[in-house]
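Chemist: I'd like to ask some things about the structure below.
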Amino acid sequence: MHVVGKMRVLLVPPLLLLLLCGARSQAASRPNFVLLMADDFGIGDPGCYGNKTLRTPNIDRLAEGGVKLTQHLAAAPLCTPSRAAFMTGRYPIRSGMASRSRVGVFIFSASSGGLPASEITFAKLLKNQGYSTALIGKWHLGTNCHNKTDFCHHPLSHGFDYFYGLTVTNLRDCKPGEGSVFATGIQVLVFIPLQVLAITVLTLGMLNCLGLLHVPRLVFLCLLFLAALILCLLLCFLHYFRPLNCFLMRNRDITQQPISYENLTQRLTVDAVQFIQRSTERPFLLVLSYLHVHTALFASRDFAGRSQHGAYGDAAEEMDWSVGQVLDVLEELGLSNNTLVYFSSDQGAHVEEVTAKGEVHGGSNGIYKGGKANNWEGGIRVPGLLRWPGVIPAGLESDQPTSNMDVFPTVVKLAGAQLPADRIIDGRDLMPLLRGQTQQSDHEFLFHYCNFYLNAVRWHPRNSTAIWKAFFFTPKFTPEGANGCFPTHVCFCHGHYVTHHHPPLLYDISRDPRERSPLSPASEPRFQQILDTMQQAAARHAETLPEVPNQLSLGNLLWKPWLQLCCSSSGLSCQCDLEKLGRRAQL
Ligand SMILES: *[C@@H]1O[C@H](CO)[C@@H](O)[C@H](O)[C@H]1NC(C)=O
Ligand SMILES: *[C@@H]1O[C@H](CO)[C@@H](O)[C@H](O)[C@H]1NC(C)=O
């Protein structure tokens with residue numbers, strides 16, 4: 001009797017523990033999600049990926065407390081398509097978010113293209129599951145379709161309850177005194193025609209004077225008028241680009257036009273923290289999509305001039321601070337153990353981002369070749385960190401191929417929602433890999449697109465360590481021997497900007513991550529067999545791609561005056577600043 005009694009006493013603590021664990025795993029069955037997305041942040045930048053001089057203690061905290069993916073791949077090396085894939089779990093070509101021209105992203109806020117309403121974002125599915133959903137920061141997936149108020153592509157039409165940020169993107173042209181990303185375009189479209197016109201007028205004038213030719217006055221007037229028109233268009237573009245495209249919105253209202261960079265990261269961070277604070281009653285999804293570290297670079301007083309890597313380092317360290325603020329509030333509210341935090345970048349660092357003065361304004365892709373806008377590893381291999389204490393083991397590292405499209409099925413399943421059955425989802429559930437239940441990721445083939453064009457295929461054969469990567473074409477790096485396409489600022493995906501390869505260039509990324517030595521039938525006996533398998537996979541993949549409306553066609557990219565959002569109703573001034581008012585109201 002006595003012994004049994006004692007045993008009962010001894011049994012109580014384990015029972016209690018079991019009950020507690022049960023309660024916890026139930027709570028954990030519908031976690032919150034905080035998805036942190038950086039812009040153009042390279043895999044060589046964070047400390048946890050080997051950088052010793054850029055200080056990212058908060059991003060590193062995520063790696064220590066969770067899983068570090070070392071072959072995490074953006075579905076595209078450019079913002080708009082990469083983010084479309086992230087939001088939908090599908091290759092951007094499936095939603096028409098893959099350009100056939102040189103321009104692969106939205107440039108104007110008043111473009112009619114964007115993520116189609118027929119696409120299903122993870123936010124939409126989570127909202128249906130009762131989650132509060134917010135997008136804070138950069139969207140870059142379109143705004144309106146037909147008029148100023150349909151907001152067909154806007155975050156609020158894609159499953160987000162709350163939006164605060166930019167519908168387009170941070171650009172040099174948004175910040176006074178930073179120069180223009182359109183310098184090359186202006187050179188070609190404005191200065192060359194002006195020079196041609198000037199030479200024509202001078203030649204005709206001379207011939208006229210010498211009496212060799214009688215040129216009617218009207219011809220001169222027309223030529224001069226044409227020159228004036230081109231100049232006017234240039235001045236209008238330079239003058240109006242900033243107010244018309246660089247504005248901050250809260251939900252469907254513009255709150256600051258043009259955007260001010262003063263304490264901008266602080267404002268976004270405060271908003272993110274407040275969203276978490278008011279969402280403790282229901283599970284929530286927060287996508288915090290940083291403007292950092294895209295140019296124009298900026299940093300508040302506390303960070304400007306503090307890093308060892310100039311304006312770029314300052315911006316990166318400020319972003320890291322913001323990550324810390326978000327992790328801290330989760331900790332304070334006791335939400336850490338019930339929140340899956342993800343950190344990544346939409347693509348690799350922008351290698352060609354060097355100022356006229358030679359200052360490097362792009363990040364580091366570590367040992368990897370290339371960068372943003374191309375499919376060498378440097379363009380698509382991005383940081384990938386996932387933390388969920390108690391569920392995902394801390395300090396685990398995986399070199400398996402994973403994709404930013406994997407977030408979609410992972411998040412949707414954890415929220416208890418069904419994956420859409422009417423469409424192909426290209427992402428794969430990450431949880432088995434993150435929990436350590438499997439050693440191999442579910443991706444056998446991954447397709448790397450450069451805009452609309454299938455650029456390369458990656459094959460990870462089951463039960464093999466090899467990672468084959470075959471390029472159908474590669475960008476022509478310029479100048480010769482450079483690590484990017486410097487004269488054009490980004491590499492382009494077709495025409496005379498690329499070199500086609502027959503047979504495709506084949507690498508084994510597991511042995512040659514720097515992509516230095518393409519294989520040949522002499523160095524790899526199974527060369528032909530491997531390429532055949534990969535080409536067959538590409539052909540099968542192509543069969544799953546029906547024709548869809550091109551969201552990045554010229555017509556959908558162009559500025560449409562009737563779609564231009566403007567916070568003031570008085571003409572074209574489009575200026576307002578409700579931010580200061582808002583801040584005062586919040587205090
Ligand atoms: C930006 O933040 C600093 C420090 O917190 C503050 O002194 C300054 O007034 C802020 N600027 C604006 C425009 O809010
Ligand atoms: C760390 O990051 C900075 C800024 O991108 C870069 O200049 C530096 O080369 C990086 N260091 C390493 C070891 O990659």
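Lettering and numbering for the structure tokens are positional, with chains as A, B, ... in the shown order, residues counted from 1 in each chain, and ligands counted from 1 in the shown order.
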Please find the residues contacting ligand 1 at a distance of at most 7 Å between atoms, with only C-alpha atoms and all ligand atoms counted, and report them as a PyMOL selection string.
Modeler: chain A and resi 262-263+300-301
Chemist: Keeping only N, CA and C atoms, take the residues you just selected and write them out as a PDB file, in the first residue's frame.
Modeler:
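File written: result_34.pdb
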```pdb
ATOM      1  N   GLU A 262      13.460  59.707 -43.295  1.00  0.00           N
ATOM      2  CA  GLU A 262      13.812  59.980 -41.912  1.00  0.00           C
ATOM      3  C   GLU A 262      13.134  58.973 -40.976  1.00  0.00           C
ATOM      4  N   ASN A 263      13.933  58.256 -40.227  1.00  0.00           N
ATOM      5  CA  ASN A 263      13.455  57.234 -39.268  1.00  0.00           C
ATOM      6  C   ASN A 263      12.490  56.233 -39.925  1.00  0.00           C
ATOM      7  N   SER A 300      19.020  55.667 -39.969  1.00  0.00           N
ATOM      8  CA  SER A 300      18.713  56.748 -39.034  1.00  0.00           C
ATOM      9  C   SER A 300      19.991  57.175 -38.320  1.00  0.00           C
ATOM     10  N   ARG A 301      19.864  58.231 -37.514  1.00  0.00           N
ATOM     11  CA  ARG A 301      21.033  58.805 -36.860  1.00  0.00           C
ATOM     12  C   ARG A 301      21.824  57.768 -36.052  1.00  0.00           C
TER      13      ARG A 301
END
```
Chemist: To test your reading of the structure, identify every residue in range 227-428 of chain A that backbone DSSP assigns to helix (DSSP H, G or I), and report it as a VMD selection string.
Modeler: chain A and resid 227 to 245 264 to 277 310 to 332 336 to 338 377 to 380 404 to 414
Chemist: Please identify all protein, DNA and RNA residues within 9 Å of ligand 2, counting only C-alpha atoms and all ligand atoms, and report them as an MDAnalysis selection string.
Modeler: chainID A and resid 41:47 49:55 308:310 312:313 316 349 360:367
Chemist: Just write the chosen residues, N, CA, C and O atoms, as a compact mmCIF listing (two decimals), in the first residue's frame.
Modeler:
```txt
# COMPACT_ATOMS: atom_id res chain seq x y z
N PHE A 41 19.64 41.44 -49.96
CA PHE A 41 20.60 41.14 -48.89
C PHE A 41 21.30 39.83 -49.26
O PHE A 41 20.65 38.82 -49.51
N GLY A 42 22.63 39.86 -49.34
CA GLY A 42 23.38 38.70 -49.84
C GLY A 42 23.63 37.65 -48.78
O GLY A 42 23.60 37.93 -47.57
N ILE A 43 23.92 36.42 -49.24
CA ILE A 43 24.18 35.33 -48.30
C ILE A 43 25.54 35.53 -47.61
O ILE A 43 25.81 34.94 -46.57
N GLY A 44 26.37 36.41 -48.17
CA GLY A 44 27.66 36.69 -47.54
C GLY A 44 27.59 37.80 -46.51
O GLY A 44 28.60 38.19 -45.93
N ASP A 45 26.40 38.33 -46.26
CA ASP A 45 26.26 39.47 -45.36
C ASP A 45 26.07 39.12 -43.88
O ASP A 45 26.73 39.71 -43.03
N PRO A 46 25.16 38.20 -43.52
CA PRO A 46 24.93 37.98 -42.09
C PRO A 46 26.10 37.24 -41.42
O PRO A 46 26.76 36.40 -42.06
N GLY A 47 26.31 37.56 -40.17
CA GLY A 47 27.37 36.91 -39.41
C GLY A 47 27.23 35.40 -39.39
O GLY A 47 28.21 34.66 -39.51
N TYR A 49 26.29 33.47 -41.55
CA TYR A 49 26.74 32.83 -42.80
C TYR A 49 28.22 33.14 -43.06
O TYR A 49 28.69 33.04 -44.18
N GLY A 50 28.91 33.59 -42.01
CA GLY A 50 30.36 33.69 -42.12
C GLY A 50 30.92 35.09 -42.22
O GLY A 50 32.13 35.26 -42.31
N ASN A 51 30.06 36.13 -42.20
CA ASN A 51 30.62 37.48 -42.26
C ASN A 51 31.15 37.88 -40.89
O ASN A 51 30.46 37.75 -39.88
N LYS A 52 32.38 38.35 -40.86
CA LYS A 52 33.01 38.65 -39.57
C LYS A 52 32.98 40.14 -39.24
O LYS A 52 33.30 40.54 -38.12
N THR A 53 32.62 40.97 -40.22
CA THR A 53 32.73 42.41 -39.97
C THR A 53 31.40 43.16 -40.00
O THR A 53 31.28 44.23 -39.43
N LEU A 54 30.41 42.59 -40.69
CA LEU A 54 29.09 43.21 -40.67
C LEU A 54 28.38 42.67 -39.42
O LEU A 54 28.32 41.46 -39.22
N ARG A 55 27.85 43.56 -38.60
CA ARG A 55 27.28 43.09 -37.32
C ARG A 55 25.78 42.82 -37.46
O ARG A 55 24.99 43.74 -37.66
N GLN A 308 31.28 49.09 -40.49
CA GLN A 308 32.57 49.06 -41.19
C GLN A 308 32.39 48.98 -42.70
O GLN A 308 33.36 48.82 -43.42
N HIS A 309 31.12 49.00 -43.16
CA HIS A 309 30.90 48.81 -44.59
C HIS A 309 30.07 49.92 -45.21
O HIS A 309 29.17 49.68 -46.01
N GLY A 310 30.38 51.15 -44.80
CA GLY A 310 29.78 52.33 -45.43
C GLY A 310 28.26 52.35 -45.28
O GLY A 310 27.69 51.76 -44.36
N TYR A 312 26.06 50.91 -46.98
CA TYR A 312 25.43 49.59 -47.09
C TYR A 312 25.40 48.90 -45.72
O TYR A 312 24.37 48.38 -45.28
N GLY A 313 26.55 48.92 -45.06
CA GLY A 313 26.64 48.28 -43.74
C GLY A 313 25.71 48.94 -42.73
O GLY A 313 25.07 48.26 -41.93
N ALA A 316 22.22 47.69 -43.40
CA ALA A 316 22.09 46.28 -43.00
C ALA A 316 22.02 46.17 -41.47
O ALA A 316 21.21 45.40 -40.93
N ALA A 349 22.66 39.63 -53.44
CA ALA A 349 23.10 41.02 -53.42
C ALA A 349 23.32 41.54 -54.84
O ALA A 349 23.65 40.78 -55.75
N VAL A 360 30.78 51.08 -52.97
CA VAL A 360 30.02 49.84 -53.17
C VAL A 360 28.71 49.94 -52.38
O VAL A 360 28.71 50.07 -51.16
N HIS A 361 27.58 49.91 -53.11
CA HIS A 361 26.28 50.01 -52.47
C HIS A 361 25.51 48.69 -52.52
O HIS A 361 24.33 48.64 -52.20
N GLY A 362 26.18 47.63 -52.98
CA GLY A 362 25.56 46.30 -52.98
C GLY A 362 26.25 45.42 -51.95
O GLY A 362 27.38 45.71 -51.53
N GLY A 363 25.59 44.34 -51.57
CA GLY A 363 26.12 43.47 -50.52
C GLY A 363 27.04 42.40 -51.03
O GLY A 363 27.59 42.49 -52.13
N SER A 364 27.20 41.36 -50.20
CA SER A 364 28.14 40.29 -50.51
C SER A 364 27.41 38.97 -50.73
O SER A 364 26.54 38.60 -49.95
N ASN A 365 27.78 38.28 -51.80
CA ASN A 365 27.24 36.94 -52.03
C ASN A 365 28.23 35.86 -51.61
O ASN A 365 28.17 34.72 -52.09
N GLY A 366 29.14 36.24 -50.72
CA GLY A 366 30.09 35.26 -50.20
C GLY A 366 30.93 34.66 -51.30
O GLY A 366 31.45 35.37 -52.16
N ILE A 367 31.03 33.32 -51.31
CA ILE A 367 31.89 32.65 -52.28
C ILE A 367 31.21 32.52 -53.64
O ILE A 367 31.82 32.04 -54.60
```
Chemist: Pick out the residues sitting within 8 Å of Lys124 in chain A, and hand them over as a ChimeraX atom specification; count only C-alpha atoms, and ignore anything fewer than 3 positions along from it in its own chain.
Modeler: /A:120-121,127-128,158-160
Chemist: What's the 8 Å shell around range 230-241 of chain A, counting only C-alpha atoms, without same-chain residues fewer than 3 positions away, as a PDB file with C-alpha atoms, in the first residue's frame?
Modeler:
```
ATOM      1  CA  ASP A 173      15.160  58.073 -57.614  1.00  0.00           C
ATOM      2  CA  CYS A 174      13.026  58.192 -54.451  1.00  0.00           C
ATOM      3  CA  ILE A 186      17.917  58.343 -70.265  1.00  0.00           C
ATOM      4  CA  VAL A 190      17.128  61.217 -74.571  1.00  0.00           C
ATOM      5  CA  LEU A 194      19.064  65.014 -78.925  1.00  0.00           C
ATOM      6  CA  LEU A 226      10.896  67.700 -81.354  1.00  0.00           C
ATOM      7  CA  ALA A 227      14.056  68.492 -79.370  1.00  0.00           C
ATOM      8  CA  LEU A 244       4.245  59.894 -58.229  1.00  0.00           C
ATOM      9  CA  ASN A 245       5.952  56.619 -57.339  1.00  0.00           C
ATOM     10  CA  CYS A 246       7.552  56.925 -53.933  1.00  0.00           C
TER      11      CYS A 246
END
```
Chemist: Could you check how far CA of Pro116 in chain A sits from CA of Leu171 in chain A, in Å to one decimal?
Modeler: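 Between these atoms lies a distance of 24.1 Å.
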Chemist: Residues at most 8 Å from range 35-40 of chain A, counting only C-alpha atoms, excluding those fewer than 3 positions away in the same chain, as a PyMOL selection string?
Modeler: chain A and resi 79+285-294+323+341-350+362-363+372
Chemist: Could you check the closest approach to Gly205 in chain A for each of A:Ala522, A:Ile259, A:Val326, A:Leu223 and tell me which residue wins, using only C-alpha atoms?
Modeler: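 Distance minimum relative to Gly205 in chain A lands on A:Leu223.
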Chemist: Skip Glu352 in chain A itself and residues of its chain fewer than 6 positions away, then list as a list in words all residues within 12 Å of it, counting only C-alpha atoms.
Modeler: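 Those residues are Asp40, Val181, Thr295, Gly358, Glu359, Val360, His361, Gly362, Gly363, Ser364, Gly370, Gly371, Lys372, Ala373, Asn374, Gly379, Phe477, Thr478, Pro479, Ala482, Asn483, Gly484, Cys485, Phe486, Pro487, Thr488, His489, Val490 and Cys491 of chain A.
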Chemist: Please identify every residue of range 474-551 of chain A that has at least one atom no farther than 12 Å from an atom of range 394-415 of chain A, counting only C-alpha atoms, and for each give the shortest atom pair and the distance in Å to one decimal, arranged by chain then increasing number, as a Markdown table.
Modeler:
```
| residue | atom | partner | partner_atom | distance |
| --- | --- | --- | --- | --- |
| A:Ile509 | CA | A:Pro401 | CA | 10.6 |
| A:Ser510 | CA | A:Asp399 | CA | 9.2 |
| A:Pro513 | CA | A:Asp399 | CA | 11.5 |
```
Chemist: Got time to write the residues from that selection, N, CA and C atoms, as a short mmCIF file (atom, residue, chain, number, x, y, z; two decimals), in the first residue's frame?
Modeler:
```
data_model
loop_
_atom_site.label_atom_id
_atom_site.label_comp_id
_atom_site.auth_asym_id
_atom_site.auth_seq_id
_atom_site.Cartn_x
_atom_site.Cartn_y
_atom_site.Cartn_z
N ILE A 509 27.05 21.27 -58.24
CA ILE A 509 27.10 22.34 -57.23
C ILE A 509 27.61 21.81 -55.89
N SER A 510 27.40 20.52 -55.64
CA SER A 510 27.84 19.98 -54.34
C SER A 510 29.37 19.93 -54.27
N PRO A 513 30.62 24.62 -55.74
CA PRO A 513 29.59 25.63 -55.44
C PRO A 513 29.89 26.98 -56.08
#
```
Chemist: At a cut-off of 10 Å, using only C-alpha atoms, what residues contact Arg387 in chain A? Leave out same-chain residues fewer than 6 positions from it and give the result as a list in words.
Modeler: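 Returned residues: Val34, Arg61, Leu62, Ala63, Glu64, Gly65, Gly66, Val67, Lys68, Ser336, Asn337, Thr339, Leu340, Val341, Tyr342, Phe343, Pro393, Ala394, Gly395 and Leu434 of chain A.
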Chemist: Which of range 249-439 of chain A counts as strand (DSSP E or B) under DSSP, as a VMD selection string please?
Modeler: chain A and resid 249 to 250 253 to 257 284 to 289 339 to 345 354 360 381 to 387 396 to 398 402 to 403
Chemist: Looking at A:Leu126, A:Ala542, A:Leu563, A:Leu73, which one is nearest to Arg282 in chain A, with distances taken over only C-alpha atoms?
Modeler: A:Leu126
